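Colleague: Following this message is one structure expressed as structure tokens.
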Amino acid sequence: CEDEFERMAWVAAFFVSPYAANERTYKPFNPILGETFEYYDGNALFYLAEQVSHHPPVAAAHAENKGSGWVYDIVSAPQSKFLGNSVEVYPHGRSRVRLERTGELFWLRPPNSKAHNVLVGRTWVDSYGEMVLKNVTTGSECIMTFSPCGWFGAGRYDLKGYISDKEGRKRLLLTGRWNQDTYCVACNEEGEPLPEEEYKPLWIAKPLPAGDVYGFTEFAHELNAWAQEGEPLLSDSRRRPDREFLARGLSAEAQSEKVRIEEKQRAERKEREGRGDKWTPRWFGWDSDPLVFDGECALELVDPWMWNGSFRKKVSPEHRRDDAASEGGDEVLGASFCPWQYNDE
């Protein structure tokens with residue numbers, strides 16, 4: 001794409017698209033300190049996330065696509081507030097995308113979300129407020145407003161915003177529904193679509209699989225499987241036995257394994273403190289001289305974790321497997337989970 005504003009529209013749609021899976025009301029697993037998740041698409045896309053802190057919960061992730069030429073880095077440090085029968089989530093963090101061909105760097109500030117009826121009634125999730133995307137290189141800006149749900153569902157999912165140049169002149173109108181799609185169209189400085197211009201689809205969500213008990217998207221099912229070459233890290237979340245039991249519908253066994261894993265985590269923390277050791281993430285490091293752009297989340301809210309570049313697809317065997325035979329495919333699901341610093345089992 002040669003137009004800088006259309007490029008920004010594609011980046012904005014990239015950040016909107018995950019919200020299509022944001023309606024799931026099941027409580028997610030609490031990641032174990034050191035737990036990881038990696039993904040390859042078999043071509044040029046690579047992604048790795050690591051839980052770098054347990055209290056407070058912080059995850060860091062890095063992705064790159066050599067085919068399309070972009071790099072994505074995120075530190076996620078959400079906070080929440082219990083409001084009686086609802087929970088408001090403040091997605092503090094730092095999200096950046098760099099386009100390698102143009103050298104452009106973007107940062108994102110997402111809207112808040114709220115889970116309603118967490119104690120009484122049917123639980124549902126709403127996302128509302130401004131999503132701000134800034135092109136640090138050119139000065140252009142995208143501000144999209146996620147409409148809060150009104151009475152009888154009025155306005156729920158609606159989003160609308162503009163991409164403006166560095167002088168503040170509107171160039172593109174973006175509209176859609178955050179759980180379904182995002183479109184853009186060229187507009188005048190008042191924000192009205194230009195005559196004869198057609199709305200261009202940037203992103204359209206696939207229908208959810210019918211009858212899925214957990215409300216997963218097709219992509220979520222793909223992520224929960226391991227169809228990639230080789231093995232995942234021993235710390236990979238797909239190796240968690242509680243996750244695999246739950247995927248099979250064995251809730252009692254999943255709960256038992258969840259308790260065992262969390263007790264192991266507490267025991268390791270006690271041992272680490274007794275030794276005077278400090279937890280050090282494997283794939284992310286502390287940025288000693290962090291750069292925070294105007295408008296980004298402050299360092300008081302988000303620690304400056306950064307990708308340390310030490311990961312390779314063929315990392316040392318002790319991170320990939322234990323003393324057992326090499327695994328692959330479905331055999332790795334729920335097997336040999338080991339994010340531990342001290343593994344005496």
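The way I read the labels, and the way they are meant: chains A, B, ... in the order of the structure tokens, residue 1 as the first residue of every chain, and ligand 1 as the first ligand shown, with later ones counted on from there.
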Give me the residues within 7 Å of Arg98 (chain A) as a PDB file with all heavy atoms, in the first residue's frame, counting only C-alpha atoms and dropping any in the same chain fewer than 5 places off.

Modeller:
ATOM      1  N   TRP A  70       6.571  -6.640   8.838  1.00  0.00           N
ATOM      2  CA  TRP A  70       6.199  -5.860  10.017  1.00  0.00           C
ATOM      3  C   TRP A  70       6.667  -6.561  11.277  1.00  0.00           C
ATOM      4  O   TRP A  70       6.897  -7.772  11.301  1.00  0.00           O
ATOM      5  CB  TRP A  70       4.698  -5.584  10.074  1.00  0.00           C
ATOM      6  CG  TRP A  70       3.794  -6.777   9.972  1.00  0.00           C
ATOM      7  CD1 TRP A  70       3.138  -7.226   8.869  1.00  0.00           C
ATOM      8  CD2 TRP A  70       3.424  -7.677  11.038  1.00  0.00           C
ATOM      9  NE1 TRP A  70       2.392  -8.342   9.167  1.00  0.00           N
ATOM     10  CE2 TRP A  70       2.545  -8.641  10.492  1.00  0.00           C
ATOM     11  CE3 TRP A  70       3.746  -7.759  12.382  1.00  0.00           C
ATOM     12  CZ2 TRP A  70       1.987  -9.671  11.250  1.00  0.00           C
ATOM     13  CZ3 TRP A  70       3.204  -8.803  13.143  1.00  0.00           C
ATOM     14  CH2 TRP A  70       2.334  -9.734  12.569  1.00  0.00           C
ATOM     15  N   VAL A  71       6.823  -5.763  12.348  1.00  0.00           N
ATOM     16  CA  VAL A  71       7.237  -6.255  13.656  1.00  0.00           C
ATOM     17  C   VAL A  71       6.269  -5.692  14.689  1.00  0.00           C
ATOM     18  O   VAL A  71       5.922  -4.503  14.638  1.00  0.00           O
ATOM     19  CB  VAL A  71       8.681  -5.828  14.000  1.00  0.00           C
ATOM     20  CG1 VAL A  71       9.057  -6.283  15.412  1.00  0.00           C
ATOM     21  CG2 VAL A  71       9.665  -6.396  12.985  1.00  0.00           C
ATOM     22  N   TYR A  72       5.841  -6.546  15.615  1.00  0.00           N
ATOM     23  CA  TYR A  72       4.846  -6.166  16.613  1.00  0.00           C
ATOM     24  C   TYR A  72       5.382  -6.501  17.995  1.00  0.00           C
ATOM     25  O   TYR A  72       5.858  -7.614  18.227  1.00  0.00           O
ATOM     26  CB  TYR A  72       3.555  -6.937  16.334  1.00  0.00           C
ATOM     27  CG  TYR A  72       2.479  -6.845  17.401  1.00  0.00           C
ATOM     28  CD1 TYR A  72       2.048  -5.624  17.886  1.00  0.00           C
ATOM     29  CD2 TYR A  72       1.875  -7.996  17.891  1.00  0.00           C
ATOM     30  CE1 TYR A  72       1.040  -5.544  18.830  1.00  0.00           C
ATOM     31  CE2 TYR A  72       0.857  -7.933  18.838  1.00  0.00           C
ATOM     32  CZ  TYR A  72       0.443  -6.709  19.302  1.00  0.00           C
ATOM     33  OH  TYR A  72      -0.547  -6.641  20.250  1.00  0.00           O
ATOM     34  N   GLY A 103       9.577   2.031   7.339  1.00  0.00           N
ATOM     35  CA  GLY A 103      10.204   2.500   8.567  1.00  0.00           C
ATOM     36  C   GLY A 103       9.241   3.156   9.533  1.00  0.00           C
ATOM     37  O   GLY A 103       9.667   3.700  10.559  1.00  0.00           O
ATOM     38  N   GLU A 104       7.948   3.107   9.251  1.00  0.00           N
ATOM     39  CA  GLU A 104       6.959   3.760  10.110  1.00  0.00           C
ATOM     40  C   GLU A 104       6.772   3.000  11.417  1.00  0.00           C
ATOM     41  O   GLU A 104       6.758   1.766  11.443  1.00  0.00           O
ATOM     42  CB  GLU A 104       5.618   3.866   9.384  1.00  0.00           C
ATOM     43  CG  GLU A 104       5.628   4.834   8.216  1.00  0.00           C
ATOM     44  CD  GLU A 104       4.385   4.699   7.372  1.00  0.00           C
ATOM     45  OE1 GLU A 104       4.183   3.621   6.773  1.00  0.00           O
ATOM     46  OE2 GLU A 104       3.602   5.665   7.307  1.00  0.00           O
ATOM     47  N   LEU A 105       6.589   3.753  12.492  1.00  0.00           N
ATOM     48  CA  LEU A 105       6.357   3.175  13.811  1.00  0.00           C
ATOM     49  C   LEU A 105       5.029   3.697  14.350  1.00  0.00           C
ATOM     50  O   LEU A 105       4.770   4.903  14.348  1.00  0.00           O
ATOM     51  CB  LEU A 105       7.487   3.561  14.768  1.00  0.00           C
ATOM     52  CG  LEU A 105       7.341   3.095  16.217  1.00  0.00           C
ATOM     53  CD1 LEU A 105       7.360   1.574  16.304  1.00  0.00           C
ATOM     54  CD2 LEU A 105       8.440   3.685  17.090  1.00  0.00           C
ATOM     55  N   PHE A 106       4.182   2.775  14.800  1.00  0.00           N
ATOM     56  CA  PHE A 106       2.871   3.110  15.339  1.00  0.00           C
ATOM     57  C   PHE A 106       2.792   2.667  16.800  1.00  0.00           C
ATOM     58  O   PHE A 106       3.354   1.642  17.174  1.00  0.00           O
ATOM     59  CB  PHE A 106       1.758   2.377  14.572  1.00  0.00           C
ATOM     60  CG  PHE A 106       1.700   2.673  13.103  1.00  0.00           C
ATOM     61  CD1 PHE A 106       2.525   1.997  12.204  1.00  0.00           C
ATOM     62  CD2 PHE A 106       0.820   3.614  12.591  1.00  0.00           C
ATOM     63  CE1 PHE A 106       2.470   2.248  10.848  1.00  0.00           C
ATOM     64  CE2 PHE A 106       0.749   3.876  11.239  1.00  0.00           C
ATOM     65  CZ  PHE A 106       1.582   3.196  10.362  1.00  0.00           C
TER      66      PHE A 106
END

Colleague: Among the residues of region 30-245 of chain A, find those DSSP assigns to alpha helix (DSSP H) from the backbone and print them as an MDAnalysis selection string.

Modeller: chainID A and resid 218:224 241:245

Colleague: What are the DSSP strand (DSSP E or B) residues of region 66-229 of chain A, as a VMD selection string?

Modeller: chain A and resid 70 to 76 79 to 82 86 to 90 93 to 99 105 to 109 112 to 116 124 to 135 141 to 146 158 to 164 170 to 177 181 to 187 193 200 to 204

Colleague: Tell me which protein, DNA and RNA residues are within 9 Å of Pro304 (chain A), counting only C-alpha atoms, leaving out same-chain ones fewer than 5 positions away, and put them as a PyMOL selection string.

Modeller: chain A and resi 75+94+285-291+299

Colleague: With only C-alpha atoms as the counted atoms, please give the residues lying no more than 10 Å from Arg282 (chain A), apart from itself and same-chain residues fewer than 2 positions off, as a PDB file with N, CA, C and O atoms, in the first residue's frame.

Modeller:
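So around16.pdb came out as:
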ATOM      1  N   GLY A  34       6.587 -17.452  33.813  1.00  0.00           N
ATOM      2  CA  GLY A  34       7.471 -18.151  32.875  1.00  0.00           C
ATOM      3  C   GLY A  34       6.741 -18.919  31.802  1.00  0.00           C
ATOM      4  O   GLY A  34       7.372 -19.461  30.878  1.00  0.00           O
ATOM      5  N   THR A  36       4.794 -19.698  28.430  1.00  0.00           N
ATOM      6  CA  THR A  36       4.984 -19.108  27.110  1.00  0.00           C
ATOM      7  C   THR A  36       3.909 -19.598  26.140  1.00  0.00           C
ATOM      8  O   THR A  36       3.183 -20.549  26.416  1.00  0.00           O
ATOM      9  N   GLU A  50       5.436 -14.394  26.710  1.00  0.00           N
ATOM     10  CA  GLU A  50       5.945 -14.941  27.965  1.00  0.00           C
ATOM     11  C   GLU A  50       5.344 -14.167  29.137  1.00  0.00           C
ATOM     12  O   GLU A  50       5.232 -12.934  29.081  1.00  0.00           O
ATOM     13  N   GLN A  51       4.942 -14.889  30.174  1.00  0.00           N
ATOM     14  CA  GLN A  51       4.489 -14.249  31.403  1.00  0.00           C
ATOM     15  C   GLN A  51       5.729 -13.832  32.184  1.00  0.00           C
ATOM     16  O   GLN A  51       6.453 -14.660  32.724  1.00  0.00           O
ATOM     17  N   VAL A  52       5.978 -12.528  32.246  1.00  0.00           N
ATOM     18  CA  VAL A  52       7.224 -12.031  32.825  1.00  0.00           C
ATOM     19  C   VAL A  52       7.060 -11.618  34.286  1.00  0.00           C
ATOM     20  O   VAL A  52       8.043 -11.375  34.977  1.00  0.00           O
ATOM     21  N   TRP A 279      13.645 -14.007  39.878  1.00  0.00           N
ATOM     22  CA  TRP A 279      13.144 -14.551  38.622  1.00  0.00           C
ATOM     23  C   TRP A 279      13.609 -13.688  37.451  1.00  0.00           C
ATOM     24  O   TRP A 279      13.527 -12.461  37.483  1.00  0.00           O
ATOM     25  N   THR A 280      14.107 -14.342  36.415  1.00  0.00           N
ATOM     26  CA  THR A 280      14.534 -13.642  35.214  1.00  0.00           C
ATOM     27  C   THR A 280      13.841 -14.264  34.010  1.00  0.00           C
ATOM     28  O   THR A 280      14.008 -15.464  33.756  1.00  0.00           O
ATOM     29  N   PHE A 284      12.594 -12.147  27.330  1.00  0.00           N
ATOM     30  CA  PHE A 284      12.416 -10.699  27.389  1.00  0.00           C
ATOM     31  C   PHE A 284      13.299 -10.137  28.494  1.00  0.00           C
ATOM     32  O   PHE A 284      13.549 -10.803  29.499  1.00  0.00           O
ATOM     33  N   GLY A 285      13.765  -8.907  28.271  1.00  0.00           N
ATOM     34  CA  GLY A 285      14.643  -8.273  29.242  1.00  0.00           C
ATOM     35  C   GLY A 285      14.139  -6.898  29.624  1.00  0.00           C
ATOM     36  O   GLY A 285      13.178  -6.363  29.044  1.00  0.00           O
ATOM     37  N   TRP A 307      11.836  -7.334  23.976  1.00  0.00           N
ATOM     38  CA  TRP A 307      12.302  -8.569  23.343  1.00  0.00           C
ATOM     39  C   TRP A 307      13.824  -8.608  23.383  1.00  0.00           C
ATOM     40  O   TRP A 307      14.485  -7.655  22.953  1.00  0.00           O
ATOM     41  N   ASN A 308      14.399  -9.707  23.935  1.00  0.00           N
ATOM     42  CA  ASN A 308      15.856  -9.742  24.049  1.00  0.00           C
ATOM     43  C   ASN A 308      16.544 -10.352  22.842  1.00  0.00           C
ATOM     44  O   ASN A 308      17.775 -10.369  22.770  1.00  0.00           O
ATOM     45  N   SER A 310      17.032 -13.363  21.927  1.00  0.00           N
ATOM     46  CA  SER A 310      17.800 -14.601  22.092  1.00  0.00           C
ATOM     47  C   SER A 310      17.071 -15.832  21.575  1.00  0.00           C
ATOM     48  O   SER A 310      17.672 -16.891  21.415  1.00  0.00           O
ATOM     49  N   PHE A 311      15.782 -15.719  21.302  1.00  0.00           N
ATOM     50  CA  PHE A 311      15.006 -16.875  20.877  1.00  0.00           C
ATOM     51  C   PHE A 311      15.295 -17.211  19.414  1.00  0.00           C
ATOM     52  O   PHE A 311      15.376 -16.351  18.550  1.00  0.00           O
ATOM     53  N   HIS A 319      15.117 -26.466  26.653  1.00  0.00           N
ATOM     54  CA  HIS A 319      13.897 -25.657  26.639  1.00  0.00           C
ATOM     55  C   HIS A 319      12.781 -26.326  25.843  1.00  0.00           C
ATOM     56  O   HIS A 319      11.627 -25.945  25.960  1.00  0.00           O
TER      57      HIS A 319
END

Colleague: Counting only C-alpha atoms, which of A:Glu331, A:Asp181, A:Asp303, A:Glu296 gets nearest to Arg109 (chain A)?

Modeller: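 Of the candidates, the smallest distance to Arg109 (chain A) is held by A:Glu296.
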
Colleague: Calculate how many Å separate CA of Glu38 (chain A) from CA of Asp212 (chain A), rounding to one decimal.

Modeller: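 Going from CA of Glu38 (chain A) over to CA of Asp212 (chain A) covers 23.9 Å.
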
Colleague: So that I can check the surroundings of Ser17 (chain A), please list as a list in words every protein, DNA and RNA residue that reaches within 8 Å of it, counting only C-alpha atoms and ignoring chain neighbours fewer than 5 positions away.

Modeller: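 Returned residues: Trp178, Asn179, Asp181, Trp203 and Ala205 of chain A.
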
Colleague: If we count only C-alpha atoms and set the cut-off at 12 Å, which residues sit around Ala225 (chain A), ignoring sequence neighbours fewer than 5 positions away in its own chain? Please answer as a count of residues only.

Modeller: 23

Colleague: Leaving out region 81-92 of chain A and any residue of its chain fewer than 2 positions from it, which residues lie within 8 Å of it when counting only C-alpha atoms, given as a list in words?

Modeller: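 Counting only the stated atoms, we get Ser76, Ala77, Pro78, Gln79, Arg94, Pro110, Pro111, Asn112, Ser113, Lys114, Ala115, His116, Asn117, Val118, Leu119, Val120, Cys297, Leu301 and Val302 of chain A.
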
Colleague: Write out, as a PDB file, in the first residue's frame, the residues just selected, with C-alpha atoms.

Modeller:
ATOM      1  CA  SER A  76       0.234  -6.197  28.667  1.00  0.00           C
ATOM      2  CA  ALA A  77      -0.288  -5.108  32.283  1.00  0.00           C
ATOM      3  CA  PRO A  78      -4.067  -4.833  32.718  1.00  0.00           C
ATOM      4  CA  GLN A  79      -5.712  -3.651  35.899  1.00  0.00           C
ATOM      5  CA  ARG A  94       2.384  -0.743  25.407  1.00  0.00           C
ATOM      6  CA  PRO A 110      -6.912   0.697  23.463  1.00  0.00           C
ATOM      7  CA  PRO A 111     -10.368   1.351  24.967  1.00  0.00           C
ATOM      8  CA  ASN A 112     -11.588  -0.043  28.273  1.00  0.00           C
ATOM      9  CA  SER A 113     -13.793  -3.113  28.642  1.00  0.00           C
ATOM     10  CA  LYS A 114     -16.370  -4.111  31.221  1.00  0.00           C
ATOM     11  CA  ALA A 115     -17.829  -7.491  32.145  1.00  0.00           C
ATOM     12  CA  HIS A 116     -21.437  -7.051  33.290  1.00  0.00           C
ATOM     13  CA  ASN A 117     -23.502  -9.337  35.552  1.00  0.00           C
ATOM     14  CA  VAL A 118     -20.531 -11.253  36.907  1.00  0.00           C
ATOM     15  CA  LEU A 119     -22.497 -12.345  39.993  1.00  0.00           C
ATOM     16  CA  VAL A 120     -26.170 -12.179  39.002  1.00  0.00           C
ATOM     17  CA  CYS A 297       0.850   4.528  28.881  1.00  0.00           C
ATOM     18  CA  LEU A 301       1.663   1.712  34.905  1.00  0.00           C
ATOM     19  CA  VAL A 302       3.677  -0.451  32.486  1.00  0.00           C
TER      20      VAL A 302
END

Colleague: Looking at only C-alpha atoms, which of A:Tyr342, A:Ala210, A:Arg169, A:Asn135 is the one that sits closest to Glu268 (chain A)?

Modeller: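 Of the candidates, the smallest distance to Glu268 (chain A) is held by A:Tyr342.
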
Colleague: Ranking A:Lys278, A:Arg177, A:Lys166, A:Arg171 by minimum distance to Ser147 (chain A) and counting only C-alpha atoms, which one comes first?

Modeller: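 Among the listed residues, the smallest separation from Ser147 (chain A) belongs to A:Arg177.
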